[in-house]
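Next comes start11.csv, with CSV, N, CA and C atoms.
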```csv
chain,number,residue,atom,x,y,z
A,13,MET,N,0.9,-1.2,0.0
A,13,MET,CA,0.0,0.0,0.0
A,13,MET,C,0.9,1.2,0.0
A,14,SER,N,0.4,2.3,-0.6
A,14,SER,CA,1.1,3.6,-0.7
A,14,SER,C,0.2,4.7,-0.2
A,15,LYS,N,0.8,5.7,0.4
A,15,LYS,CA,0.0,6.8,0.9
A,15,LYS,C,0.0,7.9,-0.2
A,16,TYR,N,-1.1,8.5,-0.4
A,16,TYR,CA,-1.3,9.6,-1.4
A,16,TYR,C,-1.9,10.8,-0.7
A,17,LEU,N,-1.4,11.9,-1.1
A,17,LEU,CA,-2.0,13.2,-0.7
A,17,LEU,C,-2.9,13.7,-1.8
A,18,ILE,N,-4.2,13.9,-1.4
A,18,ILE,CA,-5.1,14.4,-2.4
A,18,ILE,C,-5.5,15.8,-1.8
A,19,SER,N,-5.3,16.9,-2.6
A,19,SER,CA,-5.5,18.2,-2.1
A,19,SER,C,-6.1,19.1,-3.1
A,20,PHE,N,-6.6,20.3,-2.6
A,20,PHE,CA,-7.1,21.3,-3.5
A,20,PHE,C,-6.5,22.6,-3.1
A,21,ASP,N,-6.4,23.6,-4.0
A,21,ASP,CA,-5.9,24.9,-3.7
A,21,ASP,C,-6.9,25.8,-3.0
A,22,GLU,N,-6.4,26.6,-2.2
A,22,GLU,CA,-7.2,27.6,-1.5
A,22,GLU,C,-7.9,28.5,-2.5
A,23,GLY,N,-9.2,28.7,-2.3
A,23,GLY,CA,-9.9,29.6,-3.2
A,23,GLY,C,-10.6,28.9,-4.4
A,24,THR,N,-10.3,27.6,-4.6
A,24,THR,CA,-10.9,26.9,-5.8
A,24,THR,C,-12.2,26.2,-5.5
A,25,MET,N,-12.5,26.1,-4.2
A,25,MET,CA,-13.8,25.5,-3.8
A,25,MET,C,-14.8,26.6,-3.8
A,26,VAL,N,-15.4,26.9,-5.0
A,26,VAL,CA,-16.3,28.0,-5.1
A,26,VAL,C,-17.7,27.6,-5.6
A,27,PHE,N,-18.7,28.0,-4.8
A,27,PHE,CA,-20.0,27.6,-5.1
A,27,PHE,C,-20.9,28.6,-4.3
A,28,PRO,N,-22.2,28.7,-4.7
A,28,PRO,CA,-23.1,29.6,-3.9
A,28,PRO,C,-23.2,29.1,-2.4
A,29,MET,N,-23.2,30.1,-1.5
A,29,MET,CA,-23.3,29.7,-0.1
A,29,MET,C,-24.5,28.9,0.2
A,30,ALA,N,-25.6,29.1,-0.5
A,30,ALA,CA,-26.8,28.3,-0.3
A,30,ALA,C,-26.6,26.8,-0.5
A,31,GLU,N,-25.5,26.5,-1.2
A,31,GLU,CA,-25.2,25.1,-1.5
A,31,GLU,C,-24.2,24.5,-0.5
A,32,LEU,N,-23.7,25.2,0.5
A,32,LEU,CA,-22.7,24.8,1.4
A,32,LEU,C,-23.1,23.5,2.1
A,33,ASP,N,-24.3,23.4,2.6
A,33,ASP,CA,-24.7,22.1,3.3
A,33,ASP,C,-24.7,20.9,2.3
A,34,ALA,N,-25.1,21.1,1.1
A,34,ALA,CA,-25.0,20.0,0.1
A,34,ALA,C,-23.6,19.6,-0.2
A,35,VAL,N,-22.7,20.6,-0.4
A,35,VAL,CA,-21.3,20.3,-0.7
A,35,VAL,C,-20.7,19.6,0.5
A,36,SER,N,-21.0,20.1,1.7
A,36,SER,CA,-20.4,19.5,2.9
A,36,SER,C,-20.9,18.0,3.1
A,37,GLU,N,-22.1,17.8,2.9
A,37,GLU,CA,-22.7,16.4,3.0
A,37,GLU,C,-22.1,15.5,2.0
A,38,ALA,N,-21.9,16.0,0.7
A,38,ALA,CA,-21.4,15.2,-0.3
A,38,ALA,C,-19.9,14.8,0.0
A,39,THR,N,-19.2,15.8,0.4
A,39,THR,CA,-17.8,15.6,0.8
A,39,THR,C,-17.6,14.6,2.0
A,40,HIS,N,-18.4,14.8,3.0
A,40,HIS,CA,-18.4,13.9,4.1
A,40,HIS,C,-18.9,12.5,3.8
A,41,ALA,N,-19.8,12.3,2.8
A,41,ALA,CA,-20.2,11.0,2.4
A,41,ALA,C,-19.0,10.3,1.7
A,42,VAL,N,-18.2,11.0,0.9
A,42,VAL,CA,-17.0,10.3,0.3
A,42,VAL,C,-16.0,10.0,1.4
A,43,LEU,N,-15.8,10.9,2.3
A,43,LEU,CA,-14.9,10.6,3.5
A,43,LEU,C,-15.4,9.3,4.2
A,44,ARG,N,-16.7,9.2,4.5
A,44,ARG,CA,-17.2,8.1,5.2
A,44,ARG,C,-17.0,6.8,4.4
A,45,GLU,N,-17.1,6.9,3.1
A,45,GLU,CA,-16.9,5.7,2.3
A,45,GLU,C,-15.4,5.3,2.3
A,46,ALA,N,-14.5,6.3,2.3
A,46,ALA,CA,-13.1,6.0,2.4
A,46,ALA,C,-12.7,5.4,3.7
A,47,GLU,N,-13.4,5.9,4.8
A,47,GLU,CA,-13.2,5.2,6.1
A,47,GLU,C,-13.7,3.8,6.1
A,48,ALA,N,-14.8,3.6,5.5
A,48,ALA,CA,-15.4,2.2,5.5
A,48,ALA,C,-14.6,1.3,4.7
A,49,ALA,N,-13.9,1.8,3.6
A,49,ALA,CA,-13.1,1.0,2.7
A,49,ALA,C,-11.7,0.8,3.4
A,50,GLY,N,-11.4,1.4,4.5
A,50,GLY,CA,-10.1,1.2,5.2
A,50,GLY,C,-9.0,2.0,4.5
A,51,VAL,N,-9.2,3.0,3.7
A,51,VAL,CA,-8.1,3.7,3.0
A,51,VAL,C,-7.9,5.1,3.6
A,52,TRP,N,-8.8,5.6,4.4
A,52,TRP,CA,-8.7,6.9,5.0
A,52,TRP,C,-7.6,6.9,6.0
A,53,VAL,N,-6.7,7.9,6.0
A,53,VAL,CA,-5.7,8.0,7.0
A,53,VAL,C,-5.9,9.3,7.8
A,54,PHE,N,-6.1,10.4,7.1
A,54,PHE,CA,-6.2,11.7,7.8
A,54,PHE,C,-6.6,12.8,6.8
A,55,GLY,N,-7.3,13.8,7.2
A,55,GLY,CA,-7.5,14.9,6.3
A,55,GLY,C,-8.3,16.0,7.0
A,56,GLY,N,-8.4,17.1,6.2
A,56,GLY,CA,-9.1,18.3,6.7
A,56,GLY,C,-8.9,19.5,5.9
A,57,GLY,N,-9.7,20.5,6.2
A,57,GLY,CA,-9.6,21.8,5.6
A,57,GLY,C,-8.5,22.7,6.3
A,58,LEU,N,-8.0,23.7,5.7
A,58,LEU,CA,-7.0,24.5,6.3
A,58,LEU,C,-7.5,26.0,6.3
A,59,PRO,N,-7.1,26.7,7.3
A,59,PRO,CA,-7.5,28.2,7.3
A,59,PRO,C,-6.7,28.9,6.2
A,60,ALA,N,-7.1,30.1,5.9
A,60,ALA,CA,-6.4,30.9,4.9
A,60,ALA,C,-4.9,30.9,5.2
A,61,ALA,N,-4.1,31.0,4.1
A,61,ALA,CA,-2.6,31.0,4.2
A,61,ALA,C,-2.2,32.2,5.1
A,62,SER,N,-2.9,33.3,5.0
A,62,SER,CA,-2.6,34.5,5.8
A,62,SER,C,-2.6,34.2,7.3
A,63,GLU,N,-3.3,33.1,7.7
A,63,GLU,CA,-3.4,32.8,9.1
A,63,GLU,C,-2.3,31.8,9.5
A,64,GLY,N,-1.5,31.4,8.6
A,64,GLY,CA,-0.3,30.5,8.9
A,64,GLY,C,0.9,31.3,9.1
A,65,ALA,N,2.0,30.6,9.1
A,65,ALA,CA,3.3,31.2,9.3
A,65,ALA,C,4.4,30.5,8.4
A,66,LEU,N,5.3,31.2,7.9
A,66,LEU,CA,6.4,30.6,7.2
A,66,LEU,C,7.7,30.8,8.0
A,67,VAL,N,8.3,29.8,8.4
A,67,VAL,CA,9.5,29.9,9.3
A,67,VAL,C,10.7,29.6,8.4
A,68,ASP,N,11.6,30.6,8.3
A,68,ASP,CA,12.8,30.5,7.4
A,68,ASP,C,13.9,29.7,8.2
A,69,THR,N,14.9,29.4,7.4
A,69,THR,CA,16.0,28.6,8.0
A,69,THR,C,16.7,29.2,9.1
A,70,ASP,N,16.7,30.6,9.2
A,70,ASP,CA,17.3,31.3,10.3
A,70,ASP,C,16.3,31.5,11.5
A,71,GLY,N,15.1,31.0,11.4
A,71,GLY,CA,14.1,31.1,12.4
A,71,GLY,C,13.2,32.3,12.3
A,72,THR,N,13.4,33.1,11.2
A,72,THR,CA,12.5,34.3,11.0
A,72,THR,C,11.1,33.8,10.6
A,73,VAL,N,10.1,34.4,11.2
A,73,VAL,CA,8.7,34.0,11.0
A,73,VAL,C,8.1,35.1,10.1
A,74,GLN,N,7.4,34.7,9.1
A,74,GLN,CA,6.7,35.7,8.2
A,74,GLN,C,5.4,35.2,7.8
A,75,ASP,N,4.6,36.0,7.2
A,75,ASP,CA,3.3,35.7,6.6
A,75,ASP,C,3.6,34.9,5.3
A,76,PRO,N,3.1,33.7,5.2
A,76,PRO,CA,3.4,33.0,4.0
A,76,PRO,C,2.8,33.5,2.7
A,77,ALA,N,1.7,34.3,2.9
A,77,ALA,CA,1.0,34.8,1.8
A,77,ALA,C,1.8,35.9,1.1
A,78,THR,N,2.8,36.5,1.8
A,78,THR,CA,3.6,37.5,1.2
A,78,THR,C,4.9,37.0,0.5
A,79,ARG,N,5.0,35.7,0.6
A,79,ARG,CA,6.3,35.1,0.0
A,79,ARG,C,6.3,35.3,-1.5
A,80,PRO,N,7.3,35.9,-2.1
A,80,PRO,CA,7.4,36.1,-3.5
A,80,PRO,C,7.4,34.8,-4.3
A,81,GLY,N,6.7,34.8,-5.4
A,81,GLY,CA,6.6,33.6,-6.2
A,81,GLY,C,5.7,32.6,-5.8
A,82,LYS,N,5.1,32.7,-4.6
A,82,LYS,CA,4.1,31.7,-4.2
A,82,LYS,C,2.7,32.1,-4.5
A,83,GLU,N,2.1,31.4,-5.5
A,83,GLU,CA,0.8,31.9,-5.9
A,83,GLU,C,-0.4,31.1,-5.3
A,84,THR,N,-0.2,29.8,-5.0
A,84,THR,CA,-1.3,29.0,-4.5
A,84,THR,C,-0.9,28.3,-3.2
A,85,PHE,N,-1.9,28.1,-2.3
A,85,PHE,CA,-1.7,27.4,-1.1
A,85,PHE,C,-2.7,26.3,-1.0
A,86,ILE,N,-2.4,25.3,-0.2
A,86,ILE,CA,-3.4,24.2,0.0
A,86,ILE,C,-4.6,24.7,0.8
A,87,GLY,N,-5.8,24.4,0.3
A,87,GLY,CA,-7.0,24.8,1.0
A,87,GLY,C,-7.6,23.6,1.8
A,88,GLY,N,-7.3,22.4,1.4
A,88,GLY,CA,-7.8,21.2,2.1
A,88,GLY,C,-7.1,20.0,1.6
A,89,PHE,N,-7.1,18.9,2.3
A,89,PHE,CA,-6.4,17.7,1.9
A,89,PHE,C,-6.9,16.5,2.6
A,90,CYS,N,-6.5,15.3,2.0
A,90,CYS,CA,-6.7,14.1,2.7
A,90,CYS,C,-5.5,13.2,2.3
A,91,ILE,N,-5.2,12.2,3.2
A,91,ILE,CA,-4.2,11.3,3.0
A,91,ILE,C,-4.9,9.9,2.9
A,92,LEU,N,-4.7,9.2,1.8
A,92,LEU,CA,-5.3,7.9,1.7
A,92,LEU,C,-4.2,6.8,1.5
A,93,ASP,N,-4.4,5.6,2.0
A,93,ASP,CA,-3.5,4.5,1.9
A,93,ASP,C,-4.1,3.5,1.0
A,94,VAL,N,-3.7,3.5,-0.3
A,94,VAL,CA,-4.3,2.7,-1.3
A,94,VAL,C,-3.2,1.9,-2.0
A,95,PRO,N,-3.6,0.8,-2.7
A,95,PRO,CA,-2.6,-0.1,-3.3
A,95,PRO,C,-2.0,0.5,-4.6
A,96,THR,N,-2.8,1.3,-5.3
A,96,THR,CA,-2.3,1.8,-6.6
A,96,THR,C,-2.6,3.3,-6.9
A,97,ARG,N,-1.9,3.9,-7.8
A,97,ARG,CA,-2.1,5.3,-8.2
A,97,ARG,C,-3.5,5.4,-8.8
A,98,ASP,N,-3.9,4.4,-9.6
A,98,ASP,CA,-5.2,4.4,-10.2
A,98,ASP,C,-6.3,4.5,-9.2
A,99,GLU,N,-6.2,3.8,-8.1
A,99,GLU,CA,-7.2,3.9,-7.0
A,99,GLU,C,-7.2,5.2,-6.4
A,100,ALA,N,-6.0,5.8,-6.2
A,100,ALA,CA,-5.9,7.2,-5.6
A,100,ALA,C,-6.6,8.2,-6.5
A,101,LEU,N,-6.4,8.0,-7.8
A,101,LEU,CA,-7.1,8.9,-8.8
A,101,LEU,C,-8.6,8.7,-8.8
A,102,ARG,N,-9.1,7.5,-8.6
A,102,ARG,CA,-10.5,7.3,-8.5
A,102,ARG,C,-11.1,8.0,-7.3
A,103,TRP,N,-10.4,7.9,-6.2
A,103,TRP,CA,-10.9,8.6,-5.0
A,103,TRP,C,-10.8,10.1,-5.2
A,104,ALA,N,-9.8,10.6,-5.8
A,104,ALA,CA,-9.6,12.0,-6.1
A,104,ALA,C,-10.8,12.5,-6.9
A,105,ALA,N,-11.2,11.7,-7.9
A,105,ALA,CA,-12.3,12.1,-8.8
A,105,ALA,C,-13.6,12.2,-8.0
A,106,ARG,N,-13.8,11.3,-7.0
A,106,ARG,CA,-15.0,11.4,-6.1
A,106,ARG,C,-15.0,12.6,-5.3
A,107,PHE,N,-13.8,12.9,-4.7
A,107,PHE,CA,-13.7,14.1,-3.9
A,107,PHE,C,-13.8,15.4,-4.8
A,108,ALA,N,-13.3,15.4,-6.0
A,108,ALA,CA,-13.5,16.5,-6.9
A,108,ALA,C,-14.9,16.8,-7.1
A,109,ALA,N,-15.7,15.7,-7.4
A,109,ALA,CA,-17.1,15.9,-7.7
A,109,ALA,C,-17.8,16.4,-6.4
A,110,ALA,N,-17.5,15.9,-5.3
A,110,ALA,CA,-18.2,16.3,-4.0
A,110,ALA,C,-17.8,17.7,-3.7
A,111,CYS,N,-16.5,18.1,-3.8
A,111,CYS,CA,-16.1,19.4,-3.4
A,111,CYS,C,-16.3,20.5,-4.5
A,112,ARG,N,-16.5,20.0,-5.7
A,112,ARG,CA,-16.7,20.9,-6.8
A,112,ARG,C,-15.5,21.7,-7.2
A,113,CYS,N,-14.3,21.0,-7.0
A,113,CYS,CA,-13.1,21.6,-7.5
A,113,CYS,C,-12.0,20.5,-7.8
A,114,ALA,N,-11.1,20.8,-8.6
A,114,ALA,CA,-10.1,19.9,-9.0
A,114,ALA,C,-9.2,19.5,-7.8
A,115,GLN,N,-8.7,18.3,-7.8
A,115,GLN,CA,-7.9,17.7,-6.8
A,115,GLN,C,-6.5,17.3,-7.3
A,116,GLU,N,-5.5,17.6,-6.6
A,116,GLU,CA,-4.1,17.2,-7.0
A,116,GLU,C,-3.8,15.9,-6.2
A,117,VAL,N,-3.2,15.0,-6.9
A,117,VAL,CA,-2.8,13.7,-6.3
A,117,VAL,C,-1.3,13.5,-6.4
A,118,ARG,N,-0.7,13.3,-5.2
A,118,ARG,CA,0.7,13.1,-5.2
A,118,ARG,C,1.0,11.9,-4.2
A,119,GLU,N,1.9,11.0,-4.6
A,119,GLU,CA,2.3,9.9,-3.8
A,119,GLU,C,3.4,10.3,-2.8
A,120,PHE,N,3.3,9.9,-1.6
A,120,PHE,CA,4.4,10.1,-0.6
A,120,PHE,C,5.6,9.3,-1.0
A,121,LEU,N,6.8,9.8,-0.9
A,121,LEU,CA,8.0,9.1,-1.2
A,121,LEU,C,8.4,8.2,0.0
A,122,ASP,N,8.9,7.1,-0.3
A,122,ASP,CA,9.4,6.2,0.8
A,122,ASP,C,10.6,6.8,1.4
A,123,ASP,N,10.7,6.7,2.8
A,123,ASP,CA,11.8,7.2,3.5
A,123,ASP,C,12.8,6.0,3.7
A,124,PRO,N,13.9,6.0,3.1
A,124,PRO,CA,14.8,4.9,3.2
A,124,PRO,C,15.3,4.6,4.6
A,125,GLU,N,15.2,5.5,5.5
A,125,GLU,CA,15.6,5.4,6.8
A,125,GLU,C,14.6,4.7,7.7
A,126,SER,N,13.4,4.6,7.2
A,126,SER,CA,12.3,4.0,8.1
A,126,SER,C,12.0,2.6,7.7
```

Transcribe the structure of this file into structure tokens.
Amino acid sequence: MSKYLISFDEGTMVFPMAELDAVSEATHAVLREAEAAGVWVFGGGLPAASEGALVDTDGTVQDPATRPGKETFIGGFCILDVPTRDEALRWAARFAAACRCAQEVREFLDDPES
């Protein structure tokens, strides 16, 4: 089994506020299905990047939203443990439909030390 990060960019989950409950329920339904399938590891939404912090190598703390060249930030994510990339893509498609926004899929690299 391999772990995959499925994520979407901040600001891409756009829909009328009147549809928030329906989007939330659809997303949680896919989450519950992933849990029932035994592939769900962890996930959640993130606050705006401006509420985070970027800590530089010298310990300097700054607002990550002001970092030059950084145009997008993760808005939400989940980590799934699935046997193949194709299965990760199938789950991502389900989350994309539920969240009404594209999802990025990336496999975690193995740590040779672990």

Practice task
One decimal, Å: what's the distance from atom N of A:Ser14 over to atom N of A:Arg112, could you say?
Solution key: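 Rounded to one decimal, the two atoms are 25.0 Å apart.
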
Problem - Near-A:Ala104 list (6.5 Å; only N, CA and C atoms; drop same-chain fewer than 5 positions) as a PyMOL selection string - result: chain A and resi 18+99+109+115

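Closest approach to A:Asp21 from the set A:Ala38, A:Ala65, A:Gly87, A:Gly81 is made by A:Gly87, with distances taken over only C-alpha atoms.
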
Handout entry: Atom pair atom CA of A:Val53 / atom CA of A:Asp93: separation (Å)
Key =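 These atoms are spaced 6.6 Å apart.
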
Handout entry: Expected answer as number ranges by chain: strand (DSSP E or B) residues in stretch 32-124 of chain A
Key = A: 52-57, 66-67, 73-74, 86-94, 116-119

Handout entry: Shortest interatomic distance to A:Trp52 - which of A:Thr24, A:Asp98, A:Cys90, A:Asp68, counting only N, CA and C atoms
Key =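 The closest residue to A:Trp52 is A:Cys90.
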
Practice task
Please provide the set of residues having any atom within 10 Å of A:Met25, restricted to only C-alpha atoms, with same-chain residues fewer than 5 positions apart removed, written as a list in words.
Solution key: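 What passes the distance filter is Phe20, Val35, Gly87, Gly88, Ala108, Cys111, Arg112, Cys113 and Ala114 of chain A.
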
Would you mind exporting the chosen residues as a PDB file, in the coordinates of the input, restricted to N, CA and C atoms?
```pdb
ATOM      1  N   PHE A  20      -6.600  20.300  -2.600  1.00  0.00           N
ATOM      2  CA  PHE A  20      -7.100  21.300  -3.500  1.00  0.00           C
ATOM      3  C   PHE A  20      -6.500  22.600  -3.100  1.00  0.00           C
ATOM      4  N   VAL A  35     -22.700  20.600  -0.400  1.00  0.00           N
ATOM      5  CA  VAL A  35     -21.300  20.300  -0.700  1.00  0.00           C
ATOM      6  C   VAL A  35     -20.700  19.600   0.500  1.00  0.00           C
ATOM      7  N   GLY A  87      -5.800  24.400   0.300  1.00  0.00           N
ATOM      8  CA  GLY A  87      -7.000  24.800   1.000  1.00  0.00           C
ATOM      9  C   GLY A  87      -7.600  23.600   1.800  1.00  0.00           C
ATOM     10  N   GLY A  88      -7.300  22.400   1.400  1.00  0.00           N
ATOM     11  CA  GLY A  88      -7.800  21.200   2.100  1.00  0.00           C
ATOM     12  C   GLY A  88      -7.100  20.000   1.600  1.00  0.00           C
ATOM     13  N   ALA A 108     -13.300  15.400  -6.000  1.00  0.00           N
ATOM     14  CA  ALA A 108     -13.500  16.500  -6.900  1.00  0.00           C
ATOM     15  C   ALA A 108     -14.900  16.800  -7.100  1.00  0.00           C
ATOM     16  N   CYS A 111     -16.500  18.100  -3.800  1.00  0.00           N
ATOM     17  CA  CYS A 111     -16.100  19.400  -3.400  1.00  0.00           C
ATOM     18  C   CYS A 111     -16.300  20.500  -4.500  1.00  0.00           C
ATOM     19  N   ARG A 112     -16.500  20.000  -5.700  1.00  0.00           N
ATOM     20  CA  ARG A 112     -16.700  20.900  -6.800  1.00  0.00           C
ATOM     21  C   ARG A 112     -15.500  21.700  -7.200  1.00  0.00           C
ATOM     22  N   CYS A 113     -14.300  21.000  -7.000  1.00  0.00           N
ATOM     23  CA  CYS A 113     -13.100  21.600  -7.500  1.00  0.00           C
ATOM     24  C   CYS A 113     -12.000  20.500  -7.800  1.00  0.00           C
ATOM     25  N   ALA A 114     -11.100  20.800  -8.600  1.00  0.00           N
ATOM     26  CA  ALA A 114     -10.100  19.900  -9.000  1.00  0.00           C
ATOM     27  C   ALA A 114      -9.200  19.500  -7.800  1.00  0.00           C
TER      28      ALA A 114
END
```

Completion exercise
For A:Glu116, the closest of A:Ala41, A:Leu101, A:Ala46, A:Leu58 counting only C-alpha atoms is A:Leu101

Fill in the blank from the handout: If you count all atoms listed in the file, the residue of A:Pro124, A:Ala110, A:Thr72, A:Ile91 closest to A:His40 turns out to be A:Ala110

Problem - Nearest candidate to A:Trp103 (options A:Ala61, A:Met29, A:Val73, A:Leu43; using only C-alpha atoms) - result: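 Of A:Ala61, A:Met29, A:Val73, A:Leu43, the one nearest A:Trp103 is A:Leu43, counting only C-alpha atoms.
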
Problem - Residue with smallest distance to A:Glu119 - pool A:Arg102, A:Arg79, A:Arg97, A:Lys15, counting all atoms listed in the file - result: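 The closest residue to A:Glu119 is A:Lys15.
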
Exercise for the section: May I have the residues within 10 Å of A:Gly64 as a VMD selection string, using only C-alpha atoms and disregarding those fewer than 5 positions away in the same chain? Expected result: chain A and resid 58 to 59 73 to 77
